[in-house]
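Structure file upload_9.cif (mmCIF, C-alpha atoms) is printed below.
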data_upload
#
loop_
_atom_site.group_PDB
_atom_site.id
_atom_site.type_symbol
_atom_site.label_atom_id
_atom_site.label_comp_id
_atom_site.auth_asym_id
_atom_site.auth_seq_id
_atom_site.Cartn_x
_atom_site.Cartn_y
_atom_site.Cartn_z
ATOM 1 C CA MET J 1 46.443 8.477 -21.624
ATOM 2 C CA SER J 2 50.202 8.126 -21.957
ATOM 3 C CA HIS J 3 50.943 7.211 -18.363
ATOM 4 C CA GLN J 4 50.461 4.319 -15.947
ATOM 5 C CA ILE J 5 50.200 4.540 -12.176
ATOM 6 C CA SER J 6 51.097 1.700 -9.816
ATOM 7 C CA GLN J 7 51.918 1.242 -6.159
ATOM 8 C CA GLY J 8 54.809 3.223 -4.708
ATOM 9 C CA ILE J 9 56.907 2.646 -1.613
ATOM 10 C CA SER J 10 56.586 3.932 1.933
ATOM 11 C CA GLN J 11 58.800 6.666 3.321
ATOM 12 C CA THR J 12 60.269 4.007 5.612
ATOM 13 C CA GLU J 13 61.207 1.818 2.624
ATOM 14 C CA LEU J 14 62.652 4.840 0.810
ATOM 15 C CA LYS J 15 65.764 4.952 3.002
ATOM 16 C CA SER J 16 66.936 1.448 2.034
ATOM 17 C CA TRP J 17 65.893 2.106 -1.598
ATOM 18 C CA LEU J 18 68.147 5.190 -1.618
ATOM 19 C CA GLU J 19 71.037 3.331 0.030
ATOM 20 C CA ASN J 20 70.842 0.667 -2.694
ATOM 21 C CA ALA J 21 70.616 3.314 -5.435
ATOM 22 C CA LEU J 22 73.700 5.058 -4.067
ATOM 23 C CA LYS J 23 75.658 1.787 -4.160
ATOM 24 C CA HIS J 24 74.438 1.027 -7.681
ATOM 25 C CA PHE J 25 74.613 4.483 -9.335
ATOM 26 C CA GLY J 26 77.176 6.379 -7.244
ATOM 27 C CA LEU J 27 77.243 10.143 -6.798
ATOM 28 C CA TYR J 28 76.580 12.883 -9.331
ATOM 29 C CA LYS J 29 79.175 15.664 -9.003
ATOM 30 C CA ASN J 30 79.845 14.473 -5.431
ATOM 31 C CA GLN J 31 76.419 15.752 -4.356
ATOM 32 C CA GLY J 32 73.489 13.363 -4.787
ATOM 33 C CA ILE J 33 72.710 9.972 -6.228
ATOM 34 C CA ASN J 34 73.469 9.845 -9.957
ATOM 35 C CA TYR J 35 70.223 8.965 -11.740
ATOM 36 C CA THR J 36 71.607 9.778 -15.213
ATOM 37 C CA ASP J 37 71.337 6.175 -16.428
ATOM 38 C CA ALA J 38 68.674 5.002 -13.989
ATOM 39 C CA ASP J 39 65.437 3.567 -15.308
ATOM 40 C CA ILE J 40 63.615 4.662 -12.135
ATOM 41 C CA ALA J 41 64.121 7.476 -9.617
ATOM 42 C CA PRO J 42 62.209 8.882 -6.635
ATOM 43 C CA ILE J 43 61.005 12.494 -6.777
ATOM 44 C CA VAL J 44 59.018 15.027 -4.779
ATOM 45 C CA MET J 45 56.224 16.947 -6.498
ATOM 46 C CA CYS J 46 55.336 20.008 -4.431
ATOM 47 C CA THR J 47 51.898 21.557 -4.797
ATOM 48 C CA ILE J 48 51.785 25.000 -3.194
ATOM 49 C CA LYS J 49 48.247 26.125 -2.355
ATOM 50 C CA VAL J 50 47.061 29.587 -1.352
ATOM 51 C CA GLY J 51 43.290 29.877 -0.994
ATOM 52 C CA ASP J 52 41.727 28.301 -4.079
ATOM 53 C CA GLN J 53 44.868 28.582 -6.237
ATOM 54 C CA ILE J 54 47.999 26.523 -6.781
ATOM 55 C CA LEU J 55 51.392 27.527 -8.136
ATOM 56 C CA ILE J 56 52.668 26.029 -11.380
ATOM 57 C CA VAL J 57 56.035 26.662 -12.982
ATOM 58 C CA LYS J 58 57.284 26.292 -16.539
ATOM 59 C CA ARG J 59 60.350 24.080 -16.632
ATOM 60 C CA ALA J 60 63.441 25.253 -18.483
ATOM 61 C CA ASN J 61 64.742 23.518 -21.625
ATOM 62 C CA ASN J 62 67.949 22.086 -20.124
ATOM 63 C CA LEU J 63 66.654 19.743 -17.432
ATOM 64 C CA ALA J 64 66.756 15.973 -16.972
ATOM 65 C CA ASP J 65 63.157 15.531 -18.085
ATOM 66 C CA ALA J 66 59.873 17.316 -18.855
ATOM 67 C CA ASN J 67 61.598 20.245 -20.560
ATOM 68 C CA ALA J 68 59.364 23.285 -21.245
ATOM 69 C CA TYR J 69 56.327 21.650 -19.627
ATOM 70 C CA TRP J 70 54.315 23.335 -16.894
ATOM 71 C CA SER J 71 54.452 21.474 -13.582
ATOM 72 C CA THR J 72 54.563 21.843 -9.851
ATOM 73 C CA VAL J 73 57.966 22.304 -8.210
ATOM 74 C CA ASN J 74 59.673 18.945 -8.256
ATOM 75 C CA GLY J 75 63.057 17.351 -7.854
ATOM 76 C CA PHE J 76 64.954 14.132 -7.398
ATOM 77 C CA ILE J 77 65.198 12.541 -3.984
ATOM 78 C CA ASP J 78 68.915 12.031 -4.402
ATOM 79 C CA GLN J 79 70.061 12.193 -0.795
ATOM 80 C CA ILE J 80 69.253 9.962 2.135
ATOM 81 C CA LYS J 81 67.032 12.497 3.868
ATOM 82 C CA ASP J 82 63.404 12.808 4.905
ATOM 83 C CA VAL J 83 61.005 13.524 2.022
ATOM 84 C CA ARG J 84 59.887 16.758 3.722
ATOM 85 C CA GLU J 85 63.473 17.962 3.945
ATOM 86 C CA ILE J 86 64.038 17.261 0.236
ATOM 87 C CA ALA J 87 60.804 19.121 -0.603
ATOM 88 C CA SER J 88 61.826 22.088 1.567
ATOM 89 C CA ASN J 89 65.225 22.224 -0.171
ATOM 90 C CA GLU J 90 63.593 22.140 -3.635
ATOM 91 C CA LEU J 91 61.243 25.006 -2.740
ATOM 92 C CA ASP J 92 64.158 27.088 -1.484
ATOM 93 C CA GLU J 93 66.386 26.219 -4.449
ATOM 94 C CA GLU J 94 63.803 26.709 -7.221
ATOM 95 C CA LEU J 95 61.635 29.504 -5.784
ATOM 96 C CA GLY J 96 63.649 31.140 -3.016
ATOM 97 C CA LEU J 97 60.838 30.029 -0.695
ATOM 98 C CA LYS J 98 61.656 29.022 2.873
ATOM 99 C CA VAL J 99 59.182 26.454 4.184
ATOM 100 C CA ALA J 100 59.601 24.598 7.471
ATOM 101 C CA VAL J 101 59.417 20.831 7.108
ATOM 102 C CA THR J 102 56.558 20.834 9.632
ATOM 103 C CA ASN J 103 54.466 22.773 7.058
ATOM 104 C CA ILE J 104 54.891 20.106 4.373
ATOM 105 C CA ASN J 105 52.437 17.213 4.137
ATOM 106 C CA VAL J 106 53.371 14.126 2.129
ATOM 107 C CA ALA J 107 50.884 11.776 0.479
ATOM 108 C CA SER J 108 51.631 8.109 -0.056
ATOM 109 C CA SER J 109 53.857 7.570 -3.055
ATOM 110 C CA TYR J 110 53.017 5.955 -6.358
ATOM 111 C CA THR J 111 55.112 4.710 -9.252
ATOM 112 C CA LEU J 112 54.649 6.537 -12.527
ATOM 113 C CA LYS J 113 55.477 5.297 -15.995
ATOM 114 C CA ASN J 114 54.958 7.998 -18.636
ATOM 115 C CA THR J 115 55.891 7.344 -22.256
ATOM 116 C CA ASP J 116 56.869 11.027 -22.606
ATOM 117 C CA GLU J 117 59.621 10.711 -19.989
ATOM 118 C CA LYS J 118 63.003 8.975 -19.954
ATOM 119 C CA ARG J 119 62.463 6.943 -16.824
ATOM 120 C CA GLN J 120 59.876 5.805 -14.323
ATOM 121 C CA TYR J 121 59.420 7.789 -11.132
ATOM 122 C CA ILE J 122 58.455 6.985 -7.583
ATOM 123 C CA VAL J 123 56.435 10.125 -6.881
ATOM 124 C CA PHE J 124 55.962 11.575 -3.411
ATOM 125 C CA PRO J 125 53.232 14.236 -3.761
ATOM 126 C CA CYS J 126 53.662 17.045 -1.224
ATOM 127 C CA LEU J 127 51.281 19.802 -0.185
ATOM 128 C CA ILE J 128 52.308 23.181 1.165
ATOM 129 C CA GLU J 129 49.406 25.378 2.252
ATOM 130 C CA LEU J 130 50.208 29.060 2.731
ATOM 131 C CA GLN J 131 48.066 31.962 3.932
ATOM 132 C CA THR J 132 49.331 34.472 1.348
ATOM 133 C CA LYS J 133 51.154 34.336 -1.959
ATOM 134 C CA PRO J 134 54.873 34.590 -1.249
ATOM 135 C CA PRO J 135 57.446 36.412 -3.359
ATOM 136 C CA ILE J 136 58.821 33.984 -5.964
ATOM 137 C CA VAL J 137 62.423 34.087 -7.195
ATOM 138 C CA LEU J 138 63.030 31.582 -10.001
ATOM 139 C CA ASN J 139 66.515 30.034 -10.149
ATOM 140 C CA GLY J 140 66.760 29.011 -13.809
ATOM 141 C CA GLU J 141 65.223 25.539 -13.518
ATOM 142 C CA ASN J 142 61.929 27.244 -14.282
ATOM 143 C CA THR J 143 61.300 30.181 -16.602
ATOM 144 C CA GLU J 144 57.812 31.352 -15.554
ATOM 145 C CA TYR J 145 55.235 30.822 -12.852
ATOM 146 C CA ARG J 146 51.476 31.255 -12.548
ATOM 147 C CA TRP J 147 48.862 31.033 -9.829
ATOM 148 C CA ILE J 148 45.882 29.092 -11.163
ATOM 149 C CA LYS J 149 42.839 27.188 -9.969
ATOM 150 C CA PRO J 150 43.528 23.430 -10.041
ATOM 151 C CA GLU J 151 40.840 22.841 -12.666
ATOM 152 C CA GLU J 152 42.692 25.203 -15.065
ATOM 153 C CA ILE J 153 45.812 23.047 -15.160
ATOM 154 C CA THR J 154 44.835 21.156 -18.309
ATOM 155 C CA ALA J 155 44.855 24.427 -20.284
ATOM 156 C CA PHE J 156 48.657 24.425 -20.008
ATOM 157 C CA ASN J 157 51.290 22.304 -21.760
ATOM 158 C CA ILE J 158 51.616 19.589 -19.094
ATOM 159 C CA LEU J 159 52.522 15.939 -18.900
ATOM 160 C CA SER J 160 49.365 13.836 -18.704
ATOM 161 C CA ASP J 161 50.024 12.667 -15.138
ATOM 162 C CA LEU J 162 50.282 16.130 -13.519
ATOM 163 C CA PRO J 163 46.572 16.441 -12.607
ATOM 164 C CA TYR J 164 46.840 13.131 -10.728
ATOM 165 C CA ALA J 165 49.847 14.341 -8.697
ATOM 166 C CA VAL J 166 48.118 17.623 -7.863
ATOM 167 C CA GLU J 167 44.910 15.828 -6.888
ATOM 168 C CA ARG J 168 46.850 13.472 -4.583
ATOM 169 C CA ALA J 169 48.516 16.437 -2.890
ATOM 170 C CA LEU J 170 45.306 18.446 -2.562
ATOM 171 C CA GLN J 171 43.608 15.519 -0.817
ATOM 172 C CA LEU J 172 45.867 16.400 2.133
ATOM 173 C CA SER J 173 44.298 19.872 2.420
ATOM 174 C CA LYS J 174 42.991 20.832 5.835
#

Render the structure in this file as structure tokens.
Amino acid sequence: MSHQISQGISQTELKSWLENALKHFGLYKNQGINYTDADIAPIVMCTIKVGDQILIVKRANNLADANAYWSTVNGFIDQIKDVREIASNELDEELGLKVAVTNINVASSYTLKNTDEKRQYIVFPCLIELQTKPPIVLNGENTEYRWIKPEEITAFNILSDLPYAVERALQLSK
């Protein structure tokens, strides 16, 4: 196993963590916190579930990390906003999917150190349960998508920690 999991931070602690990161790293293109040289960054990992399937996406080759790997929709928490709001924005940006923040459940975070990635991450696993498969419009951060059963995930080119993130999200299922 090429990754280590340790305790994360609460959503309450995240606000002050982000304020400190903004002071330390500044802004990236006047938009969000600049994690370019950071050794740790908080992210959302959004597992979308419809029935007994989840959505995975293949990441493009020009991203900050995990290029060409299959994953769930994810993104940096680079603004001082609620985790659900960041997740909703990522879903809209990457998939063209509008999801109300009230339909996003967030599991407790964990800190991830993966030797295949540039930095450590504070991961906030999110679950979005939908009744039907929505239309998906990829924005360029991802090149393909598939609906699969969670147990099929290891058949894809993934980072070793992805099953853990998906499992944490799916534990929130109703």

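For the choices J:Ile86, J:Met45, J:Ala169, J:Leu91, the atom-to-atom distance to J:Leu127 is smallest for J:Ala169 when using all atoms listed in the file.
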
Pick from J:Ile40, J:Ile80, J:Val101, J:Ile54 nearest to J:Leu22, counting all atoms listed in the file: J:Ile80

Check which residues of stretch 76-123 of chain J sit at most 12 Å from stretch 35-38 of chain J using all atoms listed in the file, and return one row each with the closest pair of atoms and their distance in Å to one decimal, ordered by chain and rising number, as JSON lines.
{"residue": "J:Phe76", "atom": "CA", "partner": "J:Tyr35", "partner_atom": "CA", "distance": 8.6}
{"residue": "J:Ile77", "atom": "CA", "partner": "J:Tyr35", "partner_atom": "CA", "distance": 9.9}
{"residue": "J:Asp78", "atom": "CA", "partner": "J:Tyr35", "partner_atom": "CA", "distance": 8.1}
{"residue": "J:Gln79", "atom": "CA", "partner": "J:Tyr35", "partner_atom": "CA", "distance": 11.4}
{"residue": "J:Lys118", "atom": "CA", "partner": "J:Ala38", "partner_atom": "CA", "distance": 9.1}
{"residue": "J:Arg119", "atom": "CA", "partner": "J:Ala38", "partner_atom": "CA", "distance": 7.1}
{"residue": "J:Gln120", "atom": "CA", "partner": "J:Ala38", "partner_atom": "CA", "distance": 8.8}
{"residue": "J:Tyr121", "atom": "CA", "partner": "J:Ala38", "partner_atom": "CA", "distance": 10.1}

Expansion of the PyMOL selection byres ((chain J and resi 155-168) around 7) into residues, as JSON, numbers by chain: {"J": [1, 2, 3, 47, 69, 70, 71, 107, 125, 152, 153, 154, 169, 170, 171]}

Residues matched by the PyMOL selection byres ((chain J and resi 128) around 12) as JSON, numbers by chain: {"J": [45, 46, 47, 48, 49, 50, 51, 53, 54, 55, 72, 73, 84, 87, 88, 91, 97, 98, 99, 100, 101, 102, 103, 104, 105, 106, 107, 125, 126, 127, 129, 130, 131, 132, 133, 134, 166, 169, 170, 171, 172, 173, 174]}

Atom CA of J:Asn89 to atom CA of J:Gln31, distance in Å rounded to a single decimal: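 These atoms are spaced 13.6 Å apart.
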
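Distances here use all atoms listed in the file; by that measure, the residue among J:Lys81, J:Arg59, J:Lys23, J:Lys149 closest to J:Glu94 is J:Arg59.
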
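Atom CA of J:Ile9 is found 7.8 Å from atom CA of J:Ser108.
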
Close residues, J:Ala60 itself excluded, 6 Å, all atoms listed in the file, min 6 positions apart in chain, as a PyMOL selection string: chain J and resi 67-68+141-143

Nearest residue to J:Gly140 from the set J:Asp116, J:Asn61, J:Gly26, J:Ile122 (distances using only C-alpha atoms):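 Closest to J:Gly140 of all the choices is J:Asn61.
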
Neighbour list for J:Ser109 as a PDB file with C-alpha atoms, in the frame of the given file, cut-off 6 Å, all atoms listed in the file, skip fewer than 2 positions in-chain:
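Final output, result28.pdb:
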ATOM      1  CA  GLY J   8      54.809   3.223  -4.708  1.00  0.00           C
ATOM      2  CA  ILE J   9      56.907   2.646  -1.613  1.00  0.00           C
ATOM      3  CA  VAL J 123      56.435  10.125  -6.881  1.00  0.00           C
ATOM      4  CA  PHE J 124      55.962  11.575  -3.411  1.00  0.00           C
TER       5      PHE J 124
END

Atom-to-atom span, atom CA of J:Leu112 and atom CA of J:Glu13, Å: 17.2 Å

Nearest to J:Ile136, chosen from J:Asn74, J:Asn114, J:Ile56, J:Glu85, with all atoms listed in the file counted in the distances: J:Ile56

Shortest interatomic distance to J:Asp39 - which of J:Ala21, J:Ile5, J:Ile148, J:Val57, counting all atoms listed in the file: J:Ala21
